[in-house]
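Take a look at the structure set out below.
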Number of protein chains: 4
Amino acid sequence: MTLKPSMIYVMGNTFGSLFKISTWGESHGGGVGVVIDGCPSLLSLNEDDIQRDLDRRRPGQSKITTQRDESDTAEILSGVFEGKTLGTPIAILVRNEDAKPDAYNHLKDVYRPSHADFTYDAKYGIRNWQGGGRSSARETIGRVAAGAVARVLLSESTDIEVLAWVSQIHNIKADVRAENVNFDEIESEITRCPDRDASEEMTSAITEARKNGDSLGGIVTCLVRGAPVGLGTPVFDRIEADLAKAMLSLPASKGFDIGSGFSSVEMTGSEHNDEFKAGDSMPVTTSNHSGGVQGGITNGSEILFRVAFKPTATISTPQETVDNSNNPVTLEAKGRHDPCVLPRAVPMVEAMTLLVLADHWLRNKSARIPSK
Amino acid sequence: MTLKPSMIYVMGNTFGSLFKISTWGESHGGGVGVVIDGCPSLLSLNEDDIQRDLDRRRPGQSKITTQRDESDTAEILSGVFEGKTLGTPIAILVRNEDAKPDAYNHLKDVYRPSHADFTYDAKYGIRNWQGGGRSSARETIGRVAAGAVARVLLSESTDIEVLAWVSQIHNIKADVRAENVNFDEIESEITRCPDRDASEEMTSAITEARKNGDSLGGIVTCLVRGAPVGLGTPVFDRIEADLAKAMLSLPASKGFDIGSGFSSVEMTGSEHNDEFKAGDSMPVTTSNHSGGVQGGITNGSEILFRVAFKPTATISTPQETVDNSNNPVTLEAKGRHDPCVLPRAVPMVEAMTLLVLADHWLRNKSARIPSK
Amino acid sequence: MTLKPSMIYVMGNTFGSLFKISTWGESHGGGVGVVIDGCPSLLSLNEDDIQRDLDRRRPGQSKITTQRDESDTAEILSGVFEGKTLGTPIAILVRNEDAKPDAYNHLKDVYRPSHADFTYDAKYGIRNWQGGGRSSARETIGRVAAGAVARVLLSESTDIEVLAWVSQIHNIKADVRAENVNFDEIESEITRCPDRDASEEMTSAITEARKNGDSLGGIVTCLVRGAPVGLGTPVFDRIEADLAKAMLSLPASKGFDIGSGFSSVEMTGSEHNDEFKAGDSMPVTTSNHSGGVQGGITNGSEILFRVAFKPTATISTPQETVDNSNNPVTLEAKGRHDPCVLPRAVPMVEAMTLLVLADHWLRNKSARIPSK
Amino acid sequence: MTLKPSMIYVMGNTFGSLFKISTWGESHGGGVGVVIDGCPSLLSLNEDDIQRDLDRRRPGQSKITTQRDESDTAEILSGVFEGKTLGTPIAILVRNEDAKPDAYNHLKDVYRPSHADFTYDAKYGIRNWQGGGRSSARETIGRVAAGAVARVLLSESTDIEVLAWVSQIHNIKADVRAENVNFDEIESEITRCPDRDASEEMTSAITEARKNGDSLGGIVTCLVRGAPVGLGTPVFDRIEADLAKAMLSLPASKGFDIGSGFSSVEMTGSEHNDEFKAGDSMPVTTSNHSGGVQGGITNGSEILFRVAFKPTATISTPQETVDNSNNPVTLEAKGRHDPCVLPRAVPMVEAMTLLVLADHWLRNKSARIPSK
């Protein structure tokens, strides 16, 4: 089996058109980071703004995440002067640390099931086997750092608030009312599920899965309050299309729906349509099956969507697989990993949502603030 | 209520990076069309290749679609010489016809529920009220025409086959085995559901909905056979991310999932992981919860995904809404429309899938053909 | 000699980032055209606005241009409703006419010197030999049409005025003072050189060249009045960089310089620097060697640049060349062509300048109007 | 005078479409760098490859450059594993050092003539006054580092050789025959002019200018040997158009021409046309007024072009200007600067040329190697 690498693979490391980010870095090597191009000048920005979200994403933050301990400290290399953005590219660097490349020695030639090892070798003819390369969750550090900058932009210029939470783990479904949910409730739970009872069940389930060397999936729900009317464009770059791409670009995600989503298929048009009534200064809908978007463009209602995550591919039970000579081997994974990515996926979903909104906000500066 | 239009809205009318298409045109006006930039030279291409897919998309094709009758005849304006592509932009034009602008007079100032009328006015300060503008299903003519060209490219250079079908309408679920489904079975049903019994039920349900002035939603399932290993990139431009964007950019779509999708959340890692075994020339998986993609890159298995469509927003029963002066009005829609978009959505889903694959195929020419 | 075509050639048919145009069409085939994506809504636009510039570009307009007679009538296919732009893509079509493909029969297998016949065959493995394909001057119809739309945008929202004229043909140099030049003087001369004496000499020289079956080159100078401060970005997308690309993308252009240009190399810094003095509301320079741009960004002074055009490659005197089997042949060109492209190049230079400015205007809406 | 910053300025920090680079960093702050996205995998690359070109660009390398002493040491942060490229983004960091921000205190509020201080303030409402910000020559470190990677790509896969040299400083013109020039001769002169006599004169002139607190401009000529046939595209992304943009994006450049360039305007078509003769395996031209490009596409001949650079804007003689309150001031610049940028501009011109060629090489992989 010879794998011929490609000379041509157009870059897929950039996201956004006006608030544009490019992430770089492998899980092992000098570090990971991001360049943000298109951030307006004169925003107040410092490293704490970024560190806050990185801390919510970092490993080792609770008993139900991986025990790998990395501080993931962000350094702003450019684009900020005396606490203000310059309007020039903002480069952010997070050094790799706690790398134990030896821990990966047994994986050098082996293709882990449902990982990207095989497809990388097939595509590139080489991979950094001392970790997941670009498919490592560490790549999302750049996204979360950039999302924190997007949050600053949106906070200074809009009323947009983005909140994500865990609404399901395995078969445990939370009971959460979007209109009441708030950041503190979410963050007070290590699961990031604001339904305390469900959260306890989820914690037990995750702990149990870890003990069994197994892993669990779940659903993150995301809510956007305060989005102005007029974000998004009618054809390809609809808000829901850009959100769908953003979410399916996250590691381990398998599905996305918005508003009524998959449940819309069993409704009729007369049940599903969101009728308008006169609002204070513009029309408002009396229901929100649309999930805040009509014709790809925000209508002033809350945006609400869900993201499905599969169970983590890294498990400790023995699995049948092959090596890079196409010979069968049995793999027993070692090392530290998350038995369930959901709690740490929450800041990632928020970051990608903030990036989509910041981009469309810049793409349509005159979008109106909805009447309240 | 004054709606201030934006001077700045970055174009959202282009899709793809190497096999790049730009659609243009409103439902009323000179016509609709597409420019394809990046199609290789020396492919055999003529108007019949395009017309075949346009005919599957056009209105009036059966008793369960809209009775609007438009032939939607494609003219290739450039990029083809003596039956071969030149490697230059391929421009395709379909003239508008059977436009009855008077039929829209009563909608001039009214915001139809769950349509884009309000959001357009809010964003642009103007809209072509003689139809749905860019949000009209007519916009998809350009996509389907471009998808037909992508199909020619992929047919000449790969074994890729893309098949979509209706797998659910309202609460009627088809029983279809992906490994057996074929084009003729799908096309022999006016619903484009290859399960004949379900198809008959669906036909009745759609007919009933039309009689009631109501509408129905459903699910399209799409299968890709023969995709080579190595398509897609690891971070933002994952195959599933680009497919998700493509699908959520279709009118009336509300959700997307791939492989195990939303059902993955109730599985454990040990159930969900796709183990490898040695194939003839490269590893193959023994299950396909991944849906043919690992780390964003095709692994040689079949790609399988679902798209949820809401019930058509245009219904004939009276609805409460407001006009563009924010005054309440009752709307009774007239005109001809689809009581269920699903049958005509099938060629749209195929077209968008073909466009994503053609783009990634050009982005990674050395991708390997999987062992069979 | 076998020429293997490429499967991969990234599209080079799009220009601009926010005011983005894509041209398409060969000189022979259905027609040529352009899609403009990113034009704001609510501008007043009709076909006359476009036709005016197309008429300045069209063949057969005077005794010193090609005698080919094409009316080049523009049809707006989309993006305009009741005389206003919709904010959606504006597609413009110009049908080909007066095509005499037989006139090209003798060129089917022959590579004309200093034309693109050979390089096309080498790159694409095919070419539309019934004319110049995408390298035909007809391709510029789409640019000029789009430039006319850019002119409308800039007229409605800025004081920008773009004026180009012929400043040299062969060794005949015009004496023109940029501060005095105006549109009517330029257009009153068939050469588009506003120095009447030079214009007469140029007319004689062109007439003489045509009689000899030969051709002449020259220089177009372009002036931008009223450009606001702040257009352009500091690194790659400097105004002068984008103008240079725009100009070198025109057929037959060989050079570009701005402000002091090539003559700056023999000046010292103390001679060349443009000192500032206090203007009414902001600094103004006391000289303009910079040509209106500093650090890639407009400073409120006039932008002034030059474009060099080589003599037309199509001549009627016999030339030695080879055919597509690499065998020597003697070519005696027939057909109708311009003995000097300069007069018709003027609207092309203007169009490309307008496109660069419209793009940067949208990229920096807050750019300030300079004090006068 | 209040300067309102823009919220919207589309990023101009990225260059290339397939071999795509994004530079970031100010002259003062954490550092400068570049992310290269699109570099193929399996190339041999290490920091020495990059350092070699950075050393040719760095200040303090000879008595005629600025005496600022910075080692400009490159660190590869990602994209390389065990000496091979991974096909993932290559991030390169160069820390700032020897920054003496106090040296800029007197410039905090003053607009230096022919610098970007005023236009930055007008555009962004803020600037890093401790140096030139993004307009500092330090920004070109990222370009030169990326150019070094492009050189590795082109060396491994083509016969392309890029050579630039100083052909004129002020009124001293070198006598250099492109067919004979070689790298060692160029590098053996501190002026990077391979005509030793002219080089000595130039050195004296530069030394004299420095003594007078003045500065000089000049011309860099660039030659590309071994370019395959077929690079470039016919319309906007012509090779000469992309080179023109690349060159005019360099600090202090004022003009570009290719092949016969500005001198073509005084030639006739019969003098200027490059006739073809039969070569070994494909046609070759008997002259090269085209400069290696026809119809925007390389024809296998050498590419030859010139870039004009103005005299350095930083001089030590007193200049009249204004401050950021629009009040007149007299500026006496202090600090260390280049009296003539030409010697250090040579590696910058090479880098930008390599970037253009690498991009088009990836855009057209089947381009043919010319017969020799």
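Within each chain, counting starts at residue 1; across the structure tokens, chains are named A, B, ... in the order shown, with ligands numbered 1 upward in that order.
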
Open item on the list: Using DSSP assignments from the backbone, pull out every residue in region 107-275 of chain A that falls under strand (DSSP E) and give it to me as a PyMOL selection string.
Closed with: chain A and resi 161-169+172-173+218-225+253-258

Open item on the list: as a PyMOL selection string, could you give me every residue of chain D near chain A (at most 8 Å apart, counting only C-alpha atoms)?
Closed with: chain D and resi 5-11+13+18+23-26+29-32+35+37-38+40-42+76-79+81+86-91+124-128+134+362

How about saving the chosen residues, C-alpha atoms kept, as a PDB file, in the first residue's frame?
ATOM      1  CA  PRO D   5     -12.151  55.386  12.496  1.00  0.00           C
ATOM      2  CA  SER D   6     -13.753  52.838  10.271  1.00  0.00           C
ATOM      3  CA  MET D   7     -15.460  49.747  11.597  1.00  0.00           C
ATOM      4  CA  ILE D   8     -15.059  48.131   8.227  1.00  0.00           C
ATOM      5  CA  TYR D   9     -11.859  47.568   6.441  1.00  0.00           C
ATOM      6  CA  VAL D  10     -11.456  44.360   4.661  1.00  0.00           C
ATOM      7  CA  MET D  11      -8.255  42.644   5.412  1.00  0.00           C
ATOM      8  CA  ASN D  13      -2.876  41.110   4.961  1.00  0.00           C
ATOM      9  CA  LEU D  18      -3.407  28.472  -3.175  1.00  0.00           C
ATOM     10  CA  THR D  23       1.570  38.376   7.536  1.00  0.00           C
ATOM     11  CA  TRP D  24       1.022  39.995  10.907  1.00  0.00           C
ATOM     12  CA  GLY D  25       2.947  42.141  13.346  1.00  0.00           C
ATOM     13  CA  GLU D  26       4.070  45.683  13.960  1.00  0.00           C
ATOM     14  CA  GLY D  29       5.257  44.730  19.991  1.00  0.00           C
ATOM     15  CA  GLY D  30       5.709  40.989  20.436  1.00  0.00           C
ATOM     16  CA  GLY D  31       7.064  40.281  17.007  1.00  0.00           C
ATOM     17  CA  VAL D  32       6.257  39.805  13.366  1.00  0.00           C
ATOM     18  CA  VAL D  35       1.235  31.915   8.366  1.00  0.00           C
ATOM     19  CA  ASP D  37      -1.470  28.007   4.183  1.00  0.00           C
ATOM     20  CA  GLY D  38      -1.409  25.697   1.207  1.00  0.00           C
ATOM     21  CA  PRO D  40       2.225  20.823   0.093  1.00  0.00           C
ATOM     22  CA  SER D  41       3.355  18.100   2.457  1.00  0.00           C
ATOM     23  CA  LEU D  42       6.621  16.139   2.341  1.00  0.00           C
ATOM     24  CA  ILE D  76       8.929  27.621  12.888  1.00  0.00           C
ATOM     25  CA  LEU D  77       5.955  27.111  15.201  1.00  0.00           C
ATOM     26  CA  SER D  78       3.938  24.599  13.208  1.00  0.00           C
ATOM     27  CA  GLY D  79       3.532  22.685   9.982  1.00  0.00           C
ATOM     28  CA  PHE D  81       7.574  17.492  11.639  1.00  0.00           C
ATOM     29  CA  LEU D  86       2.985  18.334   7.061  1.00  0.00           C
ATOM     30  CA  GLY D  87       0.699  20.020   4.555  1.00  0.00           C
ATOM     31  CA  THR D  88      -0.728  22.049   7.439  1.00  0.00           C
ATOM     32  CA  PRO D  89      -0.232  25.776   8.059  1.00  0.00           C
ATOM     33  CA  ILE D  90       3.381  26.795   8.592  1.00  0.00           C
ATOM     34  CA  ALA D  91       3.557  29.528  11.225  1.00  0.00           C
ATOM     35  CA  TYR D 124      -7.802  53.730  11.879  1.00  0.00           C
ATOM     36  CA  GLY D 125      -8.028  56.540  14.444  1.00  0.00           C
ATOM     37  CA  ILE D 126      -5.030  54.982  16.175  1.00  0.00           C
ATOM     38  CA  ARG D 127      -1.510  53.938  15.299  1.00  0.00           C
ATOM     39  CA  ASN D 128       1.443  52.370  16.984  1.00  0.00           C
ATOM     40  CA  ARG D 134       2.341  47.640   9.560  1.00  0.00           C
ATOM     41  CA  LEU D 362      -0.007  25.097  -7.581  1.00  0.00           C
TER      42      LEU D 362
END

Open item on the list: Give me, as a ChimeraX atom specification, all polymer residues having an atom no more than 9 Å from Glu240 (chain C), counting only C-alpha atoms and skipping those fewer than 4 positions away in the same chain.
Closed with: /C:232,244-245,257-258,293,296-297,305 /D:245,248-249,254

Open item on the list: Report, in Å to a single decimal, how far apart CA of His106 (chain B) and CA of Gly131 (chain B) are.
Closed with: 11.4 Å

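Rounded to one decimal, CA of Ser260 (chain C) and CA of Val144 (chain C) lie 27.7 Å from each other.
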
Task: Test item: residues at most 10 Å from Ala278 (chain A), only C-alpha atoms, excluding those fewer than 3 positions along its chain, as a ChimeraX atom specification - done: /A:281-286 /B:321-329

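Residues lying within 10 Å of Leu216 (chain C), counting only C-alpha atoms and ignoring same-chain neighbours fewer than 6 positions away, are Ile169, His170, Asn171, Met202, Ala205, Ile206, Ala209, Arg210, Phe309, Lys310, Pro311, Thr312, Ala313, Asp338, Pro339, Cys340, Val341 and Leu342 of chain C; Ser264, Val265, Glu266, Met267, Thr268, Gly269, Ser270 and His272 of chain D.
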
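Taking CA of Val235 (chain B) as the reference point, CA of His289 (chain B) is found at 20.0 Å.
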
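The residue that comes closest to Gly300 (chain C), out of D:Tyr104, D:Phe15, D:Phe118, D:Phe256 and on the basis of only C-alpha atoms, is D:Phe118.
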
TODO: Identify, on the basis of only C-alpha atoms, every residue whose closest approach to Ala351 (chain B) does not exceed 8 Å; exclude the query and any residue fewer than 5 positions from it along the same chain; express the result as JSON, numbers by chain.
DONE: {"B": [143, 144, 145, 146, 147, 148]}

Include C-alpha atoms and write out the residues we just selected as a JSON list (two decimals), in the first residue's frame.
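So the final result, stored in result32.json, reads:
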[["chain", "number", "residue", "atom", "x", "y", "z"],
["B", 143, "ARG", "CA", -27.34, 25.59, -8.60],
["B", 144, "VAL", "CA", -28.92, 22.62, -10.35],
["B", 145, "ALA", "CA", -27.42, 23.66, -13.69],
["B", 146, "ALA", "CA", -23.98, 23.95, -12.09],
["B", 147, "GLY", "CA", -24.48, 20.66, -10.29],
["B", 148, "ALA", "CA", -25.07, 19.01, -13.66]]
